[in-house]
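Structure data (PDB, C-alpha atoms) from protein25.pdb:
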```pdb
ATOM      1  CA  MET A   1     -24.141 -20.634  19.476
ATOM      2  CA  HIS A   2     -24.254 -17.097  20.860
ATOM      3  CA  GLN A   3     -21.368 -17.927  23.173
ATOM      4  CA  SER A   4     -19.238 -19.359  20.376
ATOM      5  CA  THR A   5     -19.862 -16.254  18.210
ATOM      6  CA  ASN A   6     -18.824 -14.030  21.090
ATOM      7  CA  ARG A   7     -15.687 -16.060  21.570
ATOM      8  CA  LEU A   8     -14.925 -15.914  17.855
ATOM      9  CA  LEU A   9     -15.291 -12.130  17.847
ATOM     10  CA  ARG A  10     -13.084 -11.762  20.909
ATOM     11  CA  GLU A  11     -10.406 -13.910  19.331
ATOM     12  CA  MET A  12     -10.595 -11.993  16.046
ATOM     13  CA  ILE A  13     -10.152  -8.677  17.843
ATOM     14  CA  ALA A  14      -7.265 -10.048  19.912
ATOM     15  CA  ILE A  15      -5.476 -11.394  16.815
ATOM     16  CA  CYS A  16      -5.918  -8.123  14.922
ATOM     17  CA  LEU A  17      -4.697  -6.062  17.874
ATOM     18  CA  MET A  18      -1.674  -8.302  18.332
ATOM     19  CA  ALA A  19      -0.766  -8.129  14.640
ATOM     20  CA  ALA A  20      -1.311  -4.361  14.581
ATOM     21  CA  ALA A  21       0.937  -3.915  17.614
ATOM     22  CA  ILE A  22       3.710  -5.924  15.949
ATOM     23  CA  GLY A  23       3.275  -3.953  12.716
ATOM     24  CA  ILE A  24       3.347  -0.588  14.468
ATOM     25  CA  ALA A  25       6.438  -1.558  16.477
ATOM     26  CA  TRP A  26       8.178  -2.886  13.344
ATOM     27  CA  ASN A  27       7.380   0.237  11.295
ATOM     28  CA  HIS A  28       7.492   2.867  14.032
ATOM     29  CA  ARG A  29      10.060   5.031  12.239
ATOM     30  CA  LEU A  30       8.120   5.020   8.980
ATOM     31  CA  LEU A  31       4.908   5.831  10.825
ATOM     32  CA  LEU A  32       6.603   8.662  12.670
ATOM     33  CA  ASN A  33       7.795  10.105   9.355
ATOM     34  CA  ALA A  34       4.352   9.733   7.848
ATOM     35  CA  TRP A  35       2.707  11.281  10.908
ATOM     36  CA  THR A  36       4.874  14.366  10.782
ATOM     37  CA  GLY A  37       4.280  14.432   7.044
ATOM     38  CA  ASN A  38       0.538  14.745   7.453
ATOM     39  CA  VAL A  39      -0.141  17.920   5.511
ATOM     40  CA  PRO A  40      -3.645  19.267   6.015
ATOM     41  CA  ALA A  41      -5.185  21.381   3.275
ATOM     42  CA  SER A  42      -4.692  24.461   5.435
ATOM     43  CA  SER A  43      -0.972  23.812   5.818
ATOM     44  CA  PRO A  44       0.738  27.191   5.807
ATOM     45  CA  ALA A  45       3.972  26.477   4.034
ATOM     46  CA  PRO A  46       6.050  23.670   2.619
ATOM     47  CA  ALA A  47       8.704  24.435   5.205
ATOM     48  CA  SER A  48       6.431  22.756   7.730
ATOM     49  CA  LEU A  49       6.676  19.509   5.835
ATOM     50  CA  PRO A  50       8.643  16.571   7.130
ATOM     51  CA  PRO A  51      12.210  16.054   6.192
ATOM     52  CA  SER A  52      12.897  12.968   4.162
ATOM     53  CA  GLN A  53      15.916  12.536   6.336
ATOM     54  CA  SER A  54      15.714  11.689   9.988
ATOM     55  CA  GLU A  55      16.920  14.113  12.615
ATOM     56  CA  LYS A  56      20.097  12.107  12.990
ATOM     57  CA  GLY A  57      20.897  12.849   9.363
ATOM     58  CA  GLN A  58      20.449   9.211   8.435
ATOM     59  CA  GLN A  59      19.046   8.889   4.944
ATOM     60  CA  ALA A  60      15.428   7.862   4.768
ATOM     61  CA  VAL A  61      13.427   6.600   1.844
ATOM     62  CA  PRO A  62      11.429   9.101  -0.185
ATOM     63  CA  LEU A  63       7.792   8.950   0.805
ATOM     64  CA  PRO A  64       5.149   8.301  -1.832
ATOM     65  CA  LEU A  65       2.370  10.786  -2.434
ATOM     66  CA  GLY A  66      -1.039  10.041  -3.893
ATOM     67  CA  LEU A  67      -2.576  11.914  -6.813
ATOM     68  CA  MET A  68      -4.720  14.149  -4.632
ATOM     69  CA  GLN A  69      -1.830  15.337  -2.485
ATOM     70  CA  VAL A  70       0.288  15.994  -5.572
ATOM     71  CA  LYS A  71      -2.545  17.993  -7.117
ATOM     72  CA  GLU A  72      -2.827  20.076  -3.944
ATOM     73  CA  PHE A  73       0.881  20.856  -3.961
ATOM     74  CA  HIS A  74       0.766  21.624  -7.672
ATOM     75  CA  ASP A  75      -2.211  23.953  -7.391
ATOM     76  CA  ARG A  76      -0.743  25.802  -4.412
ATOM     77  CA  LYS A  77       2.616  25.958  -6.217
ATOM     78  CA  GLU A  78       4.253  24.541  -3.117
ATOM     79  CA  ALA A  79       6.220  21.853  -4.862
ATOM     80  CA  VAL A  80       8.634  21.603  -7.728
ATOM     81  CA  MET A  81       7.569  18.698  -9.889
ATOM     82  CA  VAL A  82      10.615  16.820 -11.145
ATOM     83  CA  ASP A  83      10.216  14.670 -14.254
ATOM     84  CA  ALA A  84      12.629  11.720 -14.115
ATOM     85  CA  ARG A  85      11.846  10.491 -17.642
ATOM     86  CA  ASP A  86      14.096  11.100 -20.621
ATOM     87  CA  GLY A  87      14.032  14.366 -22.556
ATOM     88  CA  ALA A  88      11.917  12.998 -25.422
ATOM     89  CA  ALA A  89       9.172  11.803 -23.072
ATOM     90  CA  PHE A  90       9.265  15.168 -21.296
ATOM     91  CA  THR A  91       8.901  17.032 -24.587
ATOM     92  CA  ALA A  92       6.047  14.775 -25.665
ATOM     93  CA  GLY A  93       4.105  15.680 -22.544
ATOM     94  CA  HIS A  94       4.700  16.517 -18.896
ATOM     95  CA  ILE A  95       2.953  17.888 -15.848
ATOM     96  CA  THR A  96       2.571  21.622 -16.356
ATOM     97  CA  GLY A  97       5.320  23.452 -14.533
ATOM     98  CA  ALA A  98       7.522  20.371 -14.115
ATOM     99  CA  VAL A  99      11.274  20.516 -14.614
ATOM    100  CA  SER A 100      13.109  17.801 -16.494
ATOM    101  CA  LEU A 101      15.843  15.888 -14.710
ATOM    102  CA  PRO A 102      16.207  12.528 -16.464
ATOM    103  CA  LEU A 103      17.612   9.815 -14.242
ATOM    104  CA  GLY A 104      20.239   8.981 -16.866
ATOM    105  CA  GLU A 105      21.580  12.544 -16.780
ATOM    106  CA  ALA A 106      21.079  13.136 -13.063
ATOM    107  CA  ASP A 107      24.705  12.630 -12.013
ATOM    108  CA  GLY A 108      25.889  15.330 -14.417
ATOM    109  CA  ARG A 109      23.061  17.777 -13.741
ATOM    110  CA  LEU A 110      22.479  17.438 -10.005
ATOM    111  CA  ALA A 111      24.989  20.157  -9.083
ATOM    112  CA  GLU A 112      23.259  22.662 -11.369
ATOM    113  CA  PHE A 113      19.869  21.574 -10.014
ATOM    114  CA  ALA A 114      21.098  22.056  -6.431
ATOM    115  CA  ARG A 115      22.306  25.577  -7.266
ATOM    116  CA  ARG A 116      18.910  26.435  -8.710
ATOM    117  CA  TYR A 117      16.782  25.124  -5.843
ATOM    118  CA  PRO A 118      17.487  25.416  -2.107
ATOM    119  CA  PRO A 119      17.764  22.102  -0.242
ATOM    120  CA  THR A 120      14.479  22.674   1.614
ATOM    121  CA  THR A 121      12.506  22.897  -1.649
ATOM    122  CA  LEU A 122       9.633  20.457  -1.683
ATOM    123  CA  LEU A 123      10.324  18.109  -4.577
ATOM    124  CA  VAL A 124       7.818  15.687  -6.073
ATOM    125  CA  VAL A 125       9.532  13.254  -8.424
ATOM    126  CA  TYR A 126       7.552  11.301 -10.979
ATOM    127  CA  CYS A 127       8.091   9.133 -14.035
ATOM    128  CA  ASN A 128       5.935   6.730 -16.033
ATOM    129  CA  GLY A 129       3.706   5.237 -13.369
ATOM    130  CA  TYR A 130       3.822   2.306 -11.024
ATOM    131  CA  ASP A 131       5.964   0.099 -13.249
ATOM    132  CA  CYS A 132       8.622   2.798 -13.502
ATOM    133  CA  HIS A 133      11.237   3.009 -10.768
ATOM    134  CA  ASP A 134      13.244   5.953 -12.125
ATOM    135  CA  SER A 135      11.387   8.343  -9.825
ATOM    136  CA  HIS A 136      12.455   6.337  -6.760
ATOM    137  CA  ASP A 137      16.053   6.166  -7.973
ATOM    138  CA  LEU A 138      16.158   9.885  -8.762
ATOM    139  CA  ALA A 139      14.522  10.751  -5.426
ATOM    140  CA  GLY A 140      17.256   8.738  -3.706
ATOM    141  CA  LYS A 141      19.915  10.728  -5.571
ATOM    142  CA  LEU A 142      18.231  14.017  -4.625
ATOM    143  CA  ILE A 143      18.157  12.998  -0.966
ATOM    144  CA  THR A 144      21.820  12.049  -1.152
ATOM    145  CA  ALA A 145      22.511  15.425  -2.776
ATOM    146  CA  GLY A 146      21.093  17.113   0.321
ATOM    147  CA  PHE A 147      17.448  17.782  -0.510
ATOM    148  CA  THR A 148      15.437  17.302   2.642
ATOM    149  CA  THR A 149      11.861  17.093   1.382
ATOM    150  CA  VAL A 150      11.576  14.647  -1.460
ATOM    151  CA  PHE A 151       8.422  12.776  -2.348
ATOM    152  CA  VAL A 152       7.650  10.312  -5.121
ATOM    153  CA  PHE A 153       4.434  10.437  -7.114
ATOM    154  CA  GLU A 154       4.200   6.784  -8.051
ATOM    155  CA  GLY A 155       1.170   7.131 -10.304
ATOM    156  CA  GLY A 156       3.371   9.421 -12.387
ATOM    157  CA  PHE A 157       2.507  11.129 -15.623
ATOM    158  CA  PRO A 158      -0.036   8.474 -16.807
ATOM    159  CA  GLU A 159      -2.174   8.847 -13.672
ATOM    160  CA  TRP A 160      -1.923  12.648 -13.781
ATOM    161  CA  GLU A 161      -2.876  12.791 -17.448
ATOM    162  CA  ALA A 162      -5.680  10.242 -17.020
ATOM    163  CA  ALA A 163      -7.155  12.413 -14.272
ATOM    164  CA  GLY A 164      -7.385  15.266 -16.752
ATOM    165  CA  TYR A 165      -5.000  17.517 -14.847
ATOM    166  CA  PRO A 166      -2.930  20.151 -16.665
ATOM    167  CA  VAL A 167      -0.203  18.876 -18.947
ATOM    168  CA  THR A 168       2.124  20.650 -21.311
ATOM    169  CA  GLY A 169       3.249  19.302 -24.672
ATOM    170  CA  GLY A 170       2.002  16.233 -26.461
ATOM    171  CA  THR A 171      -1.154  16.066 -28.505
ATOM    172  CA  PRO A 172      -3.710  18.752 -27.654
TER     173      PRO A 172
ATOM    174  CA  MET B   1     -14.541 -42.388   4.634
ATOM    175  CA  ILE B   2     -16.329 -39.263   3.332
ATOM    176  CA  ASN B   3     -15.688 -37.639   6.681
ATOM    177  CA  ASN B   4     -11.974 -38.398   6.365
ATOM    178  CA  ALA B   5     -11.872 -36.992   2.826
ATOM    179  CA  GLY B   6     -13.566 -33.854   4.079
ATOM    180  CA  ARG B   7     -11.034 -33.503   6.858
ATOM    181  CA  TYR B   8      -8.124 -33.881   4.439
ATOM    182  CA  LEU B   9      -9.688 -31.366   2.080
ATOM    183  CA  SER B  10     -10.172 -28.950   4.942
ATOM    184  CA  THR B  11      -6.525 -29.340   5.974
ATOM    185  CA  ILE B  12      -5.359 -28.754   2.400
ATOM    186  CA  ILE B  13      -7.497 -25.608   2.120
ATOM    187  CA  ARG B  14      -6.201 -24.389   5.473
ATOM    188  CA  VAL B  15      -2.555 -24.852   4.484
ATOM    189  CA  VAL B  16      -2.959 -23.406   0.963
ATOM    190  CA  LEU B  17      -4.845 -20.375   2.267
ATOM    191  CA  GLY B  18      -2.274 -19.954   5.021
ATOM    192  CA  LEU B  19       0.617 -20.067   2.559
ATOM    193  CA  VAL B  20      -1.072 -17.552   0.237
ATOM    194  CA  PHE B  21      -1.552 -15.077   3.067
ATOM    195  CA  ILE B  22       1.926 -15.549   4.510
ATOM    196  CA  TYR B  23       3.335 -14.924   1.018
ATOM    197  CA  ALA B  24       1.149 -11.849   0.497
ATOM    198  CA  GLY B  25       1.968 -10.479   3.938
ATOM    199  CA  ALA B  26       5.723 -11.112   3.723
ATOM    200  CA  LEU B  27       6.024  -9.317   0.368
ATOM    201  CA  LYS B  28       4.367  -6.248   1.892
ATOM    202  CA  ILE B  29       6.330  -6.402   5.147
ATOM    203  CA  VAL B  30       9.605  -6.027   3.237
ATOM    204  CA  ALA B  31       8.283  -3.088   1.165
ATOM    205  CA  PRO B  32       6.048  -1.017   3.460
ATOM    206  CA  VAL B  33       6.629   2.286   1.634
ATOM    207  CA  ALA B  34       5.768   0.817  -1.748
ATOM    208  CA  PHE B  35       2.696  -0.815  -0.223
ATOM    209  CA  ALA B  36       1.676   2.526   1.333
ATOM    210  CA  GLY B  37       1.902   4.000  -2.162
ATOM    211  CA  ASN B  38      -0.332   1.269  -3.512
ATOM    212  CA  VAL B  39      -2.849   1.825  -0.708
ATOM    213  CA  ALA B  40      -2.730   5.577  -1.408
ATOM    214  CA  ALA B  41      -3.522   4.879  -5.056
ATOM    215  CA  TYR B  42      -6.981   3.638  -3.965
ATOM    216  CA  ARG B  43      -7.656   7.183  -2.694
ATOM    217  CA  LEU B  44      -9.828   5.918   0.118
ATOM    218  CA  LEU B  45      -7.809   6.888   3.175
ATOM    219  CA  PRO B  46      -6.168  10.031   4.487
ATOM    220  CA  TYR B  47      -2.413  10.386   4.093
ATOM    221  CA  PHE B  48      -1.431   8.820   7.437
ATOM    222  CA  GLY B  49      -4.115   6.150   7.108
ATOM    223  CA  ASN B  50      -2.285   4.735   4.085
ATOM    224  CA  TYR B  51       0.844   4.234   6.165
ATOM    225  CA  LEU B  52      -1.040   2.815   9.124
ATOM    226  CA  VAL B  53      -2.662   0.229   6.871
ATOM    227  CA  ALA B  54       0.677  -0.498   5.194
ATOM    228  CA  ALA B  55       2.291  -1.002   8.601
ATOM    229  CA  THR B  56      -0.345  -3.249  10.123
ATOM    230  CA  LEU B  57      -2.285  -5.104   7.413
ATOM    231  CA  PRO B  58       0.634  -7.299   6.242
ATOM    232  CA  TRP B  59       1.145  -8.498   9.816
ATOM    233  CA  VAL B  60      -2.526  -9.387  10.152
ATOM    234  CA  GLU B  61      -2.259 -11.380   6.909
ATOM    235  CA  THR B  62       0.932 -13.114   7.983
ATOM    236  CA  LEU B  63      -0.256 -13.932  11.502
ATOM    237  CA  CYS B  64      -3.562 -15.313  10.221
ATOM    238  CA  GLY B  65      -1.706 -17.333   7.601
ATOM    239  CA  LEU B  66       0.537 -18.845  10.264
ATOM    240  CA  MET B  67      -2.418 -19.653  12.506
ATOM    241  CA  LEU B  68      -4.200 -21.381   9.638
ATOM    242  CA  ILE B  69      -1.187 -23.532   8.895
ATOM    243  CA  ILE B  70      -0.521 -24.600  12.465
ATOM    244  CA  GLY B  71      -4.264 -24.969  13.096
ATOM    245  CA  TRP B  72      -4.328 -22.877  16.260
ATOM    246  CA  ARG B  73      -7.418 -20.615  16.461
ATOM    247  CA  ALA B  74      -7.851 -21.451  12.776
ATOM    248  CA  ARG B  75     -11.543 -20.541  12.790
ATOM    249  CA  SER B  76     -10.809 -17.019  14.016
ATOM    250  CA  ALA B  77      -8.023 -16.666  11.469
ATOM    251  CA  ALA B  78     -10.347 -17.864   8.693
ATOM    252  CA  ALA B  79     -13.009 -15.374   9.835
ATOM    253  CA  ILE B  80     -10.490 -12.502   9.711
ATOM    254  CA  ILE B  81      -9.309 -13.587   6.267
ATOM    255  CA  SER B  82     -12.919 -13.745   5.061
ATOM    256  CA  LEU B  83     -13.496 -10.236   6.370
ATOM    257  CA  LEU B  84     -10.283  -8.987   4.760
ATOM    258  CA  ASN B  85     -11.291 -10.450   1.409
ATOM    259  CA  VAL B  86     -14.667  -8.721   1.590
ATOM    260  CA  VAL B  87     -12.926  -5.405   2.342
ATOM    261  CA  PHE B  88     -10.443  -5.976  -0.508
ATOM    262  CA  MET B  89     -13.268  -6.719  -2.935
ATOM    263  CA  LEU B  90     -15.186  -3.609  -1.886
ATOM    264  CA  ALA B  91     -12.045  -1.478  -2.341
ATOM    265  CA  LEU B  92     -11.429  -3.006  -5.772
ATOM    266  CA  ALA B  93     -15.075  -2.493  -6.771
ATOM    267  CA  SER B  94     -14.736   1.161  -5.786
ATOM    268  CA  THR B  95     -11.764   1.562  -8.144
ATOM    269  CA  ILE B  96     -13.814   0.105 -11.005
ATOM    270  CA  ILE B  97     -16.741   2.417 -10.229
ATOM    271  CA  ARG B  98     -14.444   5.470  -9.990
ATOM    272  CA  GLY B  99     -12.562   4.479 -13.141
ATOM    273  CA  LEU B 100      -9.178   4.205 -11.410
ATOM    274  CA  ASP B 101      -6.662   2.148 -13.335
ATOM    275  CA  ILE B 102      -4.291   1.121 -10.547
ATOM    276  CA  ASP B 103      -2.310  -1.893  -9.450
ATOM    277  CA  CYS B 104      -4.172  -3.835  -6.756
ATOM    278  CA  GLY B 105      -1.008  -4.080  -4.619
ATOM    279  CA  CYS B 106      -2.100  -7.551  -3.537
ATOM    280  CA  PHE B 107       1.255  -9.318  -3.666
ATOM    281  CA  GLN B 108       4.580  -8.092  -5.093
ATOM    282  CA  GLN B 109       4.701  -4.301  -4.827
ATOM    283  CA  GLY B 110       5.600  -2.540  -8.059
ATOM    284  CA  ALA B 111       5.275  -5.732 -10.090
ATOM    285  CA  THR B 112       3.182  -6.189 -13.208
ATOM    286  CA  LYS B 113      -0.192  -4.539 -12.765
ATOM    287  CA  THR B 114      -3.104  -6.810 -11.913
ATOM    288  CA  SER B 115      -6.454  -5.530 -13.114
ATOM    289  CA  ALA B 116      -9.178  -4.886 -10.554
ATOM    290  CA  TRP B 117     -11.426  -7.531 -12.129
ATOM    291  CA  ALA B 118      -8.708 -10.193 -11.976
ATOM    292  CA  ALA B 119      -7.899  -9.284  -8.378
ATOM    293  CA  MET B 120     -11.584  -9.419  -7.454
ATOM    294  CA  GLY B 121     -11.866 -12.866  -9.025
ATOM    295  CA  ARG B 122      -8.873 -14.076  -7.020
ATOM    296  CA  ASP B 123     -10.289 -12.580  -3.824
ATOM    297  CA  ALA B 124     -13.627 -14.265  -4.495
ATOM    298  CA  VAL B 125     -11.864 -17.647  -4.666
ATOM    299  CA  LEU B 126      -9.953 -16.919  -1.456
ATOM    300  CA  LEU B 127     -13.181 -15.784   0.214
ATOM    301  CA  ALA B 128     -14.942 -18.998  -0.812
ATOM    302  CA  LEU B 129     -12.069 -21.055   0.613
ATOM    303  CA  SER B 130     -11.991 -19.195   3.917
ATOM    304  CA  LEU B 131     -15.785 -19.380   4.257
ATOM    305  CA  SER B 132     -15.683 -23.109   3.580
ATOM    306  CA  LEU B 133     -13.248 -23.442   6.500
ATOM    307  CA  LEU B 134     -15.555 -21.432   8.733
ATOM    308  CA  ARG B 135     -18.592 -23.483   7.727
ATOM    309  CA  ARG B 136     -16.873 -26.803   8.153
ATOM    310  CA  ASP B 137     -15.443 -25.830  11.501
ATOM    311  CA  ARG B 138     -18.855 -24.767  12.819
ATOM    312  CA  ARG B 139     -20.373 -28.079  11.741
ATOM    313  CA  THR B 140     -17.616 -29.872  13.636
ATOM    314  CA  VAL B 141     -18.239 -27.789  16.750
ATOM    315  CA  GLU B 142     -22.007 -28.301  16.557
ATOM    316  CA  ARG B 143     -21.622 -32.071  16.080
ATOM    317  CA  THR B 144     -19.286 -32.286  19.039
ATOM    318  CA  ALA B 145     -21.618 -30.218  21.188
ATOM    319  CA  GLY B 146     -24.784 -32.052  20.110
TER     320      GLY B 146
END
```
Written as structure tokens, that's how I'd like the structure from this file.
Amino acid sequence: MHQSTNRLLREMIAICLMAAAIGIAWNHRLLLNAWTGNVPASSPAPASLPPSQSEKGQQAVPLPLGLMQVKEFHDRKEAVMVDARDGAAFTAGHITGAVSLPLGEADGRLAEFARRYPPTTLLVVYCNGYDCHDSHDLAGKLITAGFTTVFVFEGGFPEWEAAGYPVTGGTP
Amino acid sequence: MINNAGRYLSTIIRVVLGLVFIYAGALKIVAPVAFAGNVAAYRLLPYFGNYLVAATLPWVETLCGLMLIIGWRARSAAAIISLLNVVFMLALASTIIRGLDIDCGCFQQGATKTSAWAAMGRDAVLLALSLSLLRRDRRTVERTAG
């Protein structure tokens, strides 16, 4: 009995290690990006953040940020929050300090946006939560436009508002 | 006769559970960034931890699913799946306690949101199935040994 339990445990550990090794090898580039993107609370400046593009200049996917990280960036004023929703939704309520860049108008307004913000600006793009993909699409456009530090806040405005964090507009 | 029925039932459970976990794992393997976002939404792990889980967990699910289907080291695979389901249920319970309204990220990433209660119910069923495999397998081993 004791022997069979020991064997079971050994096998479980071996299987998990094997699967983890495959997963790490398969996702090594993503993990490398995430590792260099580890921003401790004492991080000195957004310039130390990881580029969303690899060193070879090959476009990478925008990395998602959780609510807590977004709040940290917001409070330290290290990031420009970019609202990918349409103008009406922005007017009705948005993260305090966010700028509006609706996905539908992005192609026409990206040049102006790029003149206003340097390419190393830390951008956090959000829209209407996990079911909304506009933030991912807009983040992709921003990366293509040359911005090097683009994150997506997938919880978006609903998660931010539900957490009771500062919003502008909408019902008081 | 009853023994045969039990064996067939065990095989069916093994294959169904295996297919469920291969499906769940494969959907996450093709969307690791989205899955990392879903893991991050639980707010349980540090930044890099979300990516490490997103990179490795789907492969554990897929490998265990495959092992269940082919029947090789199926007991170990069932034990891992049981353990995973317990961890999933604890994580989901923590979201309910903390009042987080997030997608469980169990299968298709970015799909329609599954509530924590529904996901916990599904995990409870999967846990019962994997435990039944473990229990049955031990009985078989003990009978053979005794």
Check: Got a sec to check which residues sit within 10 Å of (-1.2, 11.6, -16.6), counting only C-alpha atoms, and write them as a PyMOL selection string?
Finding: chain A and resi 67+93-95+127-129+155-167
Interface rows for chain B against chain A: nearest pair, Å to one decimal, 8 Å, all atoms listed in the file, as JSON lines:
```
{"residue": "B:Val33", "atom": "CA", "partner": "A:Leu63", "partner_atom": "CA", "distance": 6.8}
{"residue": "B:Ala34", "atom": "CA", "partner": "A:Pro64", "partner_atom": "CA", "distance": 7.5}
{"residue": "B:Ala36", "atom": "CA", "partner": "A:Pro64", "partner_atom": "CA", "distance": 7.4}
{"residue": "B:Gly37", "atom": "CA", "partner": "A:Pro64", "partner_atom": "CA", "distance": 5.4}
{"residue": "B:Ala40", "atom": "CA", "partner": "A:Gly66", "partner_atom": "CA", "distance": 5.4}
{"residue": "B:Ala41", "atom": "CA", "partner": "A:Gly66", "partner_atom": "CA", "distance": 5.8}
{"residue": "B:Arg43", "atom": "CA", "partner": "A:Gly66", "partner_atom": "CA", "distance": 7.3}
{"residue": "B:Tyr47", "atom": "CA", "partner": "A:Asn38", "partner_atom": "CA", "distance": 6.2}
{"residue": "B:Phe48", "atom": "CA", "partner": "A:Ala34", "partner_atom": "CA", "distance": 5.9}
{"residue": "B:Tyr51", "atom": "CA", "partner": "A:Leu31", "partner_atom": "CA", "distance": 6.4}
{"residue": "B:Leu52", "atom": "CA", "partner": "A:Leu31", "partner_atom": "CA", "distance": 6.9}
{"residue": "B:Ala55", "atom": "CA", "partner": "A:Gly23", "partner_atom": "CA", "distance": 5.2}
{"residue": "B:Thr56", "atom": "CA", "partner": "A:Gly23", "partner_atom": "CA", "distance": 4.5}
{"residue": "B:Leu57", "atom": "CA", "partner": "A:Ala20", "partner_atom": "CA", "distance": 7.3}
{"residue": "B:Pro58", "atom": "CA", "partner": "A:Gly23", "partner_atom": "CA", "distance": 7.8}
{"residue": "B:Trp59", "atom": "CA", "partner": "A:Ala19", "partner_atom": "CA", "distance": 5.2}
{"residue": "B:Val60", "atom": "CA", "partner": "A:Ala19", "partner_atom": "CA", "distance": 5.0}
{"residue": "B:Leu63", "atom": "CA", "partner": "A:Ala19", "partner_atom": "CA", "distance": 6.6}
{"residue": "B:Cys64", "atom": "CA", "partner": "A:Ile15", "partner_atom": "CA", "distance": 7.9}
{"residue": "B:Arg73", "atom": "CA", "partner": "A:Glu11", "partner_atom": "CA", "distance": 7.9}
{"residue": "B:Arg75", "atom": "CA", "partner": "A:Leu8", "partner_atom": "CA", "distance": 7.6}
{"residue": "B:Ser76", "atom": "CA", "partner": "A:Met12", "partner_atom": "CA", "distance": 5.4}
{"residue": "B:Ala77", "atom": "CA", "partner": "A:Met12", "partner_atom": "CA", "distance": 7.0}
{"residue": "B:Ala79", "atom": "CA", "partner": "A:Met12", "partner_atom": "CA", "distance": 7.5}
{"residue": "B:Ile80", "atom": "CA", "partner": "A:Met12", "partner_atom": "CA", "distance": 6.4}
{"residue": "B:Asp103", "atom": "CA", "partner": "A:Tyr130", "partner_atom": "CA", "distance": 7.6}
{"residue": "B:Gly110", "atom": "CA", "partner": "A:Asp131", "partner_atom": "CA", "distance": 5.8}
{"residue": "B:Ala111", "atom": "CA", "partner": "A:Asp131", "partner_atom": "CA", "distance": 6.7}
{"residue": "B:Thr112", "atom": "CA", "partner": "A:Asp131", "partner_atom": "CA", "distance": 6.9}
{"residue": "B:Lys113", "atom": "CA", "partner": "A:Asp131", "partner_atom": "CA", "distance": 7.7}
```
Residues from the last selection, C-alpha atoms, saved as a PDB file, in the frame of the given file:
```
ATOM      1  CA  VAL B  33       6.629   2.286   1.634  1.00  0.00           C
ATOM      2  CA  ALA B  34       5.768   0.817  -1.748  1.00  0.00           C
ATOM      3  CA  ALA B  36       1.676   2.526   1.333  1.00  0.00           C
ATOM      4  CA  GLY B  37       1.902   4.000  -2.162  1.00  0.00           C
ATOM      5  CA  ALA B  40      -2.730   5.577  -1.408  1.00  0.00           C
ATOM      6  CA  ALA B  41      -3.522   4.879  -5.056  1.00  0.00           C
ATOM      7  CA  ARG B  43      -7.656   7.183  -2.694  1.00  0.00           C
ATOM      8  CA  TYR B  47      -2.413  10.386   4.093  1.00  0.00           C
ATOM      9  CA  PHE B  48      -1.431   8.820   7.437  1.00  0.00           C
ATOM     10  CA  TYR B  51       0.844   4.234   6.165  1.00  0.00           C
ATOM     11  CA  LEU B  52      -1.040   2.815   9.124  1.00  0.00           C
ATOM     12  CA  ALA B  55       2.291  -1.002   8.601  1.00  0.00           C
ATOM     13  CA  THR B  56      -0.345  -3.249  10.123  1.00  0.00           C
ATOM     14  CA  LEU B  57      -2.285  -5.104   7.413  1.00  0.00           C
ATOM     15  CA  PRO B  58       0.634  -7.299   6.242  1.00  0.00           C
ATOM     16  CA  TRP B  59       1.145  -8.498   9.816  1.00  0.00           C
ATOM     17  CA  VAL B  60      -2.526  -9.387  10.152  1.00  0.00           C
ATOM     18  CA  LEU B  63      -0.256 -13.932  11.502  1.00  0.00           C
ATOM     19  CA  CYS B  64      -3.562 -15.313  10.221  1.00  0.00           C
ATOM     20  CA  ARG B  73      -7.418 -20.615  16.461  1.00  0.00           C
ATOM     21  CA  ARG B  75     -11.543 -20.541  12.790  1.00  0.00           C
ATOM     22  CA  SER B  76     -10.809 -17.019  14.016  1.00  0.00           C
ATOM     23  CA  ALA B  77      -8.023 -16.666  11.469  1.00  0.00           C
ATOM     24  CA  ALA B  79     -13.009 -15.374   9.835  1.00  0.00           C
ATOM     25  CA  ILE B  80     -10.490 -12.502   9.711  1.00  0.00           C
ATOM     26  CA  ASP B 103      -2.310  -1.893  -9.450  1.00  0.00           C
ATOM     27  CA  GLY B 110       5.600  -2.540  -8.059  1.00  0.00           C
ATOM     28  CA  ALA B 111       5.275  -5.732 -10.090  1.00  0.00           C
ATOM     29  CA  THR B 112       3.182  -6.189 -13.208  1.00  0.00           C
ATOM     30  CA  LYS B 113      -0.192  -4.539 -12.765  1.00  0.00           C
TER      31      LYS B 113
END
```
Tell me, as a VMD selection string, which residues lie within 10 Å of Ala98 (chain A), counting only C-alpha atoms; anything in the same chain fewer than 6 positions away does not count.
-> chain A and resid 74 79 to 83 90 124 to 126 167 to 168
Counting all atoms listed in the file, the residue among B:Ala93, B:Ile69, B:Ile81, B:Ala26 that lies closest to Ile13 (chain B) is B:Ile69
**Q.** Best match for closeness to Asp134 (chain A) among A:Glu78, A:Phe73, A:Gly104, A:Val99, counting all atoms listed in the file
**A.**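 Among the listed residues, the smallest separation from Asp134 (chain A) belongs to A:Gly104.
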Find the smallest box with edges along x, y and z containing every listed atom of region 15-25 of chain B, then add 3 Å on each side and report centre and edge lengths in Å to one decimal, as lines of an AutoDock Vina configuration file.
```
center_x = -0.8
center_y = -17.7
center_z = 2.6
size_x = 14.2
size_y = 20.4
size_z = 10.8
```
CA of Lys71 (chain A) to CA of Thr95 (chain B), straight-line distance in Å: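 The value is 18.9 Å.
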Hey, which of A:Ala145, A:Ala84, A:Val150, A:Ala89 ends up closest to Phe113 (chain A)? Count all atoms listed in the file.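 Residue with the minimum atom-to-atom distance to Phe113 (chain A): A:Ala145.
Between CA of Leu126 (chain B) and CA of Ala91 (chain B) the interatomic distance comes to 15.6 Å.
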